[in-house]
file structure-v6.csv (CSV, C-alpha atoms)
chain,number,residue,atom,x,y,z
A,664,MET,CA,0.0,0.0,0.0
A,665,ASN,CA,1.5,3.4,-1.0
A,666,ARG,CA,1.2,6.6,0.9
A,667,ARG,CA,-1.8,8.0,-1.1
A,668,SER,CA,-3.9,4.8,-0.7
A,669,PHE,CA,-2.9,4.4,2.9
A,670,PHE,CA,-4.1,7.8,4.0
A,671,GLY,CA,-7.1,7.7,1.7
A,672,THR,CA,-8.4,4.5,3.2
A,673,ALA,CA,-7.6,5.6,6.8
A,674,MET,CA,-9.4,8.9,6.3
A,675,ALA,CA,-12.5,7.0,5.0
A,676,ALA,CA,-12.4,4.7,8.0
A,677,SER,CA,-12.2,7.7,10.3
A,678,ALA,CA,-15.1,9.4,8.6
A,679,LEU,CA,-17.3,6.3,8.7
A,680,GLY,CA,-16.7,5.8,12.5
A,681,LEU,CA,-16.3,2.1,12.0
A,682,PRO,CA,-17.0,0.0,15.2
A,683,GLY,CA,-14.2,-1.4,17.2
A,684,LEU,CA,-13.5,-5.1,17.2
A,685,GLY,CA,-15.0,-6.6,20.3
A,686,GLY,CA,-12.5,-8.5,22.5
A,687,ALA,CA,-9.6,-7.8,20.2
A,688,GLU,CA,-7.5,-6.3,23.0
A,689,THR,CA,-8.3,-8.8,25.8
A,690,LEU,CA,-5.4,-11.1,25.2
A,691,ARG,CA,-1.8,-9.8,25.2
A,692,ASN,CA,1.0,-11.6,23.5
A,693,THR,CA,3.9,-12.7,25.7
A,694,LEU,CA,6.3,-12.6,22.7
A,695,PRO,CA,8.7,-11.2,21.8
A,696,ARG,CA,9.7,-10.1,25.3
A,697,ALA,CA,9.3,-13.6,26.9
A,698,ALA,CA,11.7,-15.3,24.3
A,699,PRO,CA,15.1,-16.4,25.6
A,700,ILE,CA,16.6,-13.5,23.7
A,701,HIS,CA,14.8,-10.4,22.5
A,702,VAL,CA,15.9,-7.0,21.0
A,703,GLY,CA,16.4,-4.4,23.8
A,704,ALA,CA,17.8,-1.4,22.0
A,705,VAL,CA,19.3,-0.1,18.8
A,706,GLY,CA,22.0,2.5,18.5
A,707,LEU,CA,22.4,4.9,15.5
A,708,ARG,CA,25.3,7.0,14.3
A,709,ALA,CA,24.1,10.4,13.2
A,710,ARG,CA,25.3,13.6,11.5
A,711,ASP,CA,22.7,15.6,13.4
A,712,ALA,CA,21.5,13.9,16.6
A,713,GLU,CA,19.1,16.7,17.6
A,714,ARG,CA,17.3,16.7,14.3
A,715,LEU,CA,17.1,12.9,14.2
A,716,ALA,CA,15.9,12.6,17.8
A,717,ALA,CA,13.2,15.2,17.1
A,718,TRP,CA,11.9,13.1,14.2
A,719,TYR,CA,11.5,10.0,16.4
A,720,VAL,CA,9.8,12.1,19.1
A,721,GLN,CA,7.4,13.8,16.7
A,722,THR,CA,6.7,10.9,14.4
A,723,LEU,CA,6.8,7.8,16.7
A,724,GLY,CA,6.0,9.5,20.0
A,725,LEU,CA,9.2,8.4,21.7
A,726,ARG,CA,10.4,10.5,24.7
A,727,GLU,CA,13.8,11.6,25.6
A,728,ILE,CA,15.1,9.5,28.5
A,729,ASP,CA,18.5,11.0,29.0
A,730,ARG,CA,21.5,12.4,27.2
A,731,ALA,CA,25.3,12.3,27.8
A,732,GLY,CA,27.9,14.0,25.7
A,733,SER,CA,26.9,13.5,22.1
A,734,THR,CA,24.4,10.7,22.7
A,735,ILE,CA,20.6,11.2,23.1
A,736,ARG,CA,18.6,8.2,24.4
A,737,LEU,CA,14.9,7.9,23.5
A,738,GLY,CA,12.2,5.4,24.6
A,739,ALA,CA,8.7,4.9,25.9
A,740,GLU,CA,9.8,3.7,29.4
A,741,ALA,CA,13.3,2.4,29.2
A,742,PRO,CA,15.7,3.5,26.5
A,743,LEU,CA,15.0,1.9,23.1
A,744,LEU,CA,17.1,4.1,20.7
A,745,SER,CA,20.5,5.7,21.3
A,746,ILE,CA,21.5,8.4,18.8
A,747,THR,CA,25.1,9.5,18.8
A,748,GLU,CA,26.3,12.4,16.8
A,749,ILE,CA,29.8,12.0,15.2
A,750,ALA,CA,31.4,14.7,13.2
A,751,GLY,CA,32.4,14.0,9.6
A,752,LEU,CA,30.2,11.0,9.0
A,753,ARG,CA,29.4,10.1,5.4
A,754,ARG,CA,25.8,9.1,4.7
A,755,ALA,CA,25.6,5.4,4.2
A,756,GLY,CA,24.9,4.3,0.6
A,757,ALA,CA,21.8,2.2,-0.2
A,758,ARG,CA,23.9,-0.8,-1.4
A,759,GLU,CA,26.1,-0.9,1.7
A,760,ALA,CA,25.6,-3.4,4.5
A,761,GLY,CA,23.9,-2.0,7.6
A,762,LEU,CA,20.4,-1.2,8.8
A,763,TYR,CA,17.4,-2.1,6.7
A,764,HIS,CA,15.0,-1.0,9.4
A,765,THR,CA,14.4,-0.8,13.1
A,766,ALA,CA,10.9,-2.2,13.9
A,767,PHE,CA,9.1,-0.6,16.8
A,768,LEU,CA,6.4,-2.8,18.2
A,769,LEU,CA,3.2,-1.3,19.8
A,770,PRO,CA,1.4,-3.2,22.5
A,771,THR,CA,-1.9,-3.5,20.7
A,772,ARG,CA,-3.6,-3.1,17.3
A,773,ALA,CA,-5.7,-0.3,18.9
A,774,ASP,CA,-2.5,1.6,19.5
A,775,LEU,CA,-1.6,1.2,15.9
A,776,GLY,CA,-5.1,2.5,15.0
A,777,ARG,CA,-4.6,5.6,17.1
A,778,TRP,CA,-1.3,6.2,15.5
A,779,VAL,CA,-2.8,6.0,12.1
A,780,LEU,CA,-5.6,8.5,13.0
A,781,GLN,CA,-3.1,11.1,14.1
A,782,ALA,CA,-0.9,10.4,11.1
A,783,VAL,CA,-3.8,11.3,8.9
A,784,GLU,CA,-4.5,14.5,10.8
A,785,ARG,CA,-0.8,15.5,10.6
A,786,ASP,CA,-0.2,14.2,7.0
A,787,LEU,CA,2.9,12.3,8.2
A,788,GLY,CA,5.2,10.9,5.6
A,789,VAL,CA,4.7,7.1,5.1
A,790,ASP,CA,6.6,5.0,2.6
A,791,GLY,CA,4.1,2.1,2.6
A,792,ALA,CA,2.2,-0.4,4.7
A,793,ALA,CA,1.6,-4.2,4.6
A,794,ASP,CA,-0.2,-7.0,6.4
A,795,HIS,CA,2.4,-9.8,7.1
A,796,LEU,CA,-0.2,-12.3,8.5
A,797,VAL,CA,1.6,-12.3,11.8
A,798,SER,CA,1.6,-8.5,12.1
A,799,GLU,CA,0.4,-5.3,10.5
A,800,ALA,CA,3.2,-2.8,9.6
A,801,ILE,CA,3.7,0.8,8.5
A,802,TYR,CA,7.0,1.8,6.9
A,803,MET,CA,8.9,5.1,7.0
A,804,THR,CA,12.4,6.6,6.5
A,805,ASP,CA,14.0,8.9,9.0
A,806,PRO,CA,15.8,12.1,8.0
A,807,GLU,CA,19.2,10.4,7.7
A,808,GLY,CA,17.9,7.5,5.6
A,809,ASN,CA,17.4,4.8,8.2
A,810,GLY,CA,14.4,2.5,7.6
A,811,VAL,CA,11.7,2.5,10.3
A,812,GLU,CA,8.8,0.1,10.8
A,813,LEU,CA,5.9,0.7,13.2
A,814,TYR,CA,3.8,-2.4,13.8
A,815,ALA,CA,1.4,-4.4,15.9
A,816,ASP,CA,1.4,-8.2,16.2
A,817,ARG,CA,-1.6,-10.4,15.6
A,818,PRO,CA,-2.4,-12.8,18.5
A,819,GLN,CA,0.5,-15.2,18.7
A,820,GLN,CA,-1.8,-18.2,19.0
A,821,ASP,CA,-3.0,-17.4,15.4
A,822,TRP,CA,0.5,-17.5,13.8
A,823,ARG,CA,0.7,-20.6,11.6
A,824,TRP,CA,3.8,-22.8,12.0
A,825,THR,CA,4.8,-25.8,9.9
A,826,ASP,CA,7.9,-27.8,10.8
A,827,GLY,CA,9.5,-24.9,12.6
A,828,ARG,CA,8.7,-22.4,9.9
A,829,VAL,CA,6.2,-19.5,10.3
A,830,GLU,CA,3.9,-18.4,7.6
A,831,MET,CA,4.3,-14.8,6.6
A,832,ALA,CA,3.4,-12.7,3.5
A,833,SER,CA,3.1,-9.2,2.3
A,834,VAL,CA,-0.6,-8.5,1.5
A,835,PRO,CA,-2.6,-5.2,1.4
A,836,PHE,CA,-2.8,-3.4,4.7
A,837,ASP,CA,-6.4,-3.0,5.9
A,838,ALA,CA,-6.3,0.5,7.2
A,839,GLN,CA,-10.1,0.5,7.9
A,840,ALA,CA,-9.8,-2.5,10.2
A,841,VAL,CA,-6.8,-1.1,12.0
A,842,VAL,CA,-8.5,2.2,12.6
A,843,ALA,CA,-11.6,0.4,13.7
A,844,ALA,CA,-9.6,-1.5,16.4
A,845,ALA,CA,-9.2,1.9,18.1
A,846,GLY,CA,-12.9,2.0,18.8
A,847,THR,CA,-15.8,4.3,17.9
A,848,ALA,CA,-14.5,7.1,20.3
A,849,PRO,CA,-10.8,6.3,20.4
A,850,ALA,CA,-8.5,8.0,22.9
A,851,ARG,CA,-6.1,10.3,21.2
A,852,TRP,CA,-2.5,9.3,20.4
A,853,THR,CA,-0.4,10.9,23.1
A,854,GLY,CA,2.9,9.2,22.3
A,855,ALA,CA,4.3,5.7,22.3
A,856,PRO,CA,2.5,3.9,25.1
A,857,ALA,CA,4.0,1.9,27.9
A,858,GLY,CA,5.0,-1.5,26.6
A,859,THR,CA,6.3,-0.2,23.3
A,860,MET,CA,9.6,-2.0,22.4
A,861,ILE,CA,11.8,-2.9,19.5
A,862,GLY,CA,10.3,-6.0,18.2
A,863,HIS,CA,12.9,-6.8,15.6
A,864,VAL,CA,15.8,-5.5,13.6
A,865,HIS,CA,16.2,-6.1,9.8
A,866,LEU,CA,19.8,-5.9,8.5
A,867,LYS,CA,21.4,-5.5,5.1
A,868,VAL,CA,24.2,-7.9,4.5
A,869,GLY,CA,26.4,-9.1,1.7
A,870,ASN,CA,25.3,-12.8,1.9
A,871,ALA,CA,22.0,-13.6,3.7
A,872,SER,CA,22.8,-17.3,4.0
A,873,ALA,CA,26.2,-16.7,5.6
A,874,ALA,CA,24.7,-14.1,7.9
A,875,ALA,CA,21.9,-16.5,9.0
A,876,SER,CA,24.5,-19.1,9.8
A,877,TRP,CA,26.4,-16.6,11.9
A,878,TRP,CA,23.3,-15.8,14.0
A,879,GLN,CA,22.6,-19.5,14.5
A,880,GLU,CA,26.1,-20.5,15.4
A,881,ARG,CA,27.1,-17.5,17.5
A,882,LEU,CA,23.9,-16.6,19.2
A,883,GLY,CA,21.7,-19.7,19.0
A,884,PHE,CA,18.9,-18.2,16.9
A,885,ASP,CA,16.6,-20.4,14.9
A,886,GLU,CA,15.8,-19.9,11.2
A,887,VAL,CA,12.1,-19.6,11.0
A,888,ARG,CA,11.6,-18.3,7.4
A,889,ARG,CA,13.6,-17.9,4.2
A,890,ARG,CA,12.6,-16.3,0.9
A,891,ASP,CA,14.1,-14.4,-2.0
A,892,GLY,CA,17.5,-13.4,-0.6
A,893,ALA,CA,16.3,-13.0,3.0
A,894,VAL,CA,16.3,-15.1,6.1
A,895,PHE,CA,14.2,-14.5,9.3
A,896,LEU,CA,15.5,-15.7,12.7
A,897,SER,CA,14.2,-15.8,16.2
A,898,THR,CA,14.3,-17.4,19.6
A,899,GLY,CA,11.3,-18.8,21.5
A,900,ARG,CA,9.1,-19.1,18.4
A,901,TYR,CA,8.7,-15.4,17.8
A,902,HIS,CA,8.0,-14.7,14.1
A,903,HIS,CA,11.4,-12.9,13.9
A,904,HIS,CA,13.7,-10.9,16.2
A,905,VAL,CA,16.2,-10.5,13.4
A,906,ALA,CA,16.1,-10.6,9.6
A,907,VAL,CA,19.0,-10.4,7.2
A,908,ASN,CA,18.6,-9.7,3.5
A,909,GLU,CA,20.8,-9.1,0.4
A,910,TRP,CA,18.1,-7.5,-1.7
A,911,VAL,CA,20.2,-4.4,-2.6
A,912,SER,CA,23.5,-5.2,-0.7
A,913,ALA,CA,24.5,-8.6,-2.3
A,914,GLY,CA,28.3,-8.8,-2.2
A,915,ALA,CA,28.7,-5.9,0.2
A,916,GLY,CA,31.8,-5.9,2.4
A,917,ARG,CA,32.4,-4.7,5.9
A,918,ARG,CA,30.8,-1.4,6.7
A,919,SER,CA,32.8,1.7,7.5
A,920,ALA,CA,32.8,3.2,11.0
A,921,GLN,CA,32.6,6.6,9.3
A,922,THR,CA,29.1,6.2,7.9
A,923,THR,CA,25.7,7.1,9.3
A,924,GLY,CA,23.3,4.4,10.3
A,925,LEU,CA,23.5,1.4,12.6
A,926,ASP,CA,25.9,1.7,15.6
A,927,PHE,CA,24.9,-1.4,17.5
A,928,VAL,CA,22.1,-3.8,18.3
A,929,GLU,CA,21.5,-4.7,21.9
A,930,LEU,CA,20.0,-8.0,22.8
A,931,ARG,CA,18.6,-9.0,26.2
A,932,ARG,CA,18.5,-12.4,27.7
A,933,SER,CA,15.6,-13.6,29.7
A,934,THR,CA,18.0,-15.3,32.2
A,935,PRO,CA,21.0,-13.6,33.7
A,936,ALA,CA,24.4,-14.2,32.1
A,937,ALA,CA,27.7,-12.3,31.6
A,938,PRO,CA,27.5,-9.5,29.0
A,939,ALA,CA,29.1,-10.3,25.7
A,940,GLU,CA,29.8,-8.4,22.5
A,941,PHE,CA,30.1,-9.7,19.0
A,942,THR,CA,30.8,-8.2,15.6
A,943,ASP,CA,29.4,-9.9,12.5
A,944,ASP,CA,31.2,-10.2,9.1
A,945,TRP,CA,29.8,-6.9,8.0
A,946,GLY,CA,30.9,-4.8,11.0
A,947,THR,CA,27.6,-4.8,12.9
A,948,VAL,CA,28.2,-4.7,16.7
A,949,ILE,CA,25.9,-7.0,18.6
A,950,ARG,CA,25.8,-6.6,22.4
A,951,VAL,CA,24.1,-9.2,24.6
A,952,ILE,CA,23.2,-8.4,28.1

call {"tool": "encode", "arguments": {"input": "structure-v6.csv", "output": "structure tokens"}}
result
Amino acid sequence: MNRRSFFGTAMAASALGLPGLGGAETLRNTLPRAAPIHVGAVGLRARDAERLAAWYVQTLGLREIDRAGSTIRLGAEAPLLSITEIAGLRRAGAREAGLYHTAFLLPTRADLGRWVLQAVERDLGVDGAADHLVSEAIYMTDPEGNGVELYADRPQQDWRWTDGRVEMASVPFDAQAVVAAAGTAPARWTGAPAGTMIGHVHLKVGNASAAASWWQERLGFDEVRRRDGAVFLSTGRYHHHVAVNEWVSAGAGRRSAQTTGLDFVELRRSTPAAPAEFTDDWGTVIRVI
């Protein structure tokens, strides 16, 4: 779904005052947070940290948690995004390895509906939207070219698994149904709600199969889906905590430390263990705490 059709459908849904979906918010998913390892935070290297942080505050409703030196940390409760300004950075090229998108997971479909309503009112820039069967997602790009996904999961008991593989797809986003989930008199969007987290991170790599093997061998992730130059991985039967693709970056080498984009991915274990740090074959730093 492109930007015009996304906003047109959402505006129609708002005008019609479609009824909410009864009982849709009574059950809360335990995943991805209950998985053995989940994504805790993402760090970005920026040319202009203030401008970039302002975009995440204004567009996603994150709040400033704290700042130290050239780093600004944003989140809903705990920090989710660390933005560090570094002088002299070159903007990362589209075909270089690095961040494809950071995916911010809202607690409920109703929250996504409230975000859509205010996005229509403010005419926010949206690149597209899709229904992935396990989730419903909206895609954007921040001012320094980093991909951003905002999504809500469908009930985890409804995800379809076959022999350890989860069924996913990209089909049209039903903006009317998402807006309807917010109810007939929805509360206004006042920022990212408590419980907002980073659900997954999608990375650009030079070789998706090699990257998937790295995540399996080094960090114990399971491959749960593979398609067209992309591999999806998770722990604890989440649909994916990490995805790696070579769609535009096939053959890319190690990324430069002097480019904008991904600084680190922080993973959190569900059981205590000594902190560790890894670097993949494309220079992405993975911290595990």

call {"tool": "closest_residue", "arguments": {"input": "structure-v6.csv", "among": "A:Trp910, A:Phe884, A:Phe836, A:Trp852", "to": "Gly724 of chain A", "atoms": "only C-alpha atoms"}}
result
A:Trp852

call {"tool": "closest_residue", "arguments": {"input": "structure-v6.csv", "among": "A:Glu784, A:Glu929, A:Glu759, A:Asp794", "to": "Val868 of chain A", "atoms": "all atoms listed in the file"}}
result
A:Glu759

call {"tool": "atom_distance", "arguments": {"input": "structure-v6.csv", "atom1": "atom CA of Ala939 of chain A", "atom2": "atom CA of Asp729 of chain A"}}
result
24.0 Å

call {"tool": "atom_distance", "arguments": {"input": "structure-v6.csv", "atom1": "atom CA of Ala893 of chain A", "atom2": "atom CA of Ser872 of chain A"}}
result
7.9 Å

call {"tool": "atom_distance", "arguments": {"input": "structure-v6.csv", "atom1": "atom CA of Val841 of chain A", "atom2": "atom CA of His902 of chain A"}}
result
20.2 Å

call {"tool": "residues_around", "arguments": {"input": "structure-v6.csv", "residues": "Ala709 of chain A", "least_positions_apart": "5", "cutoff": "6 Å", "atoms": "all atoms listed in the file", "output": "list in words"}}
result
Thr747, Glu748 and Thr923 of chain A

call {"tool": "residues_near_point", "arguments": {"input": "structure-v6.csv", "point": "(27.0, -10.3, 7.0)", "cutoff": "7 Å", "atoms": "only C-alpha atoms", "output": "PyMOL selection string"}}
result
chain A and resi 868-871+873-874+943-945
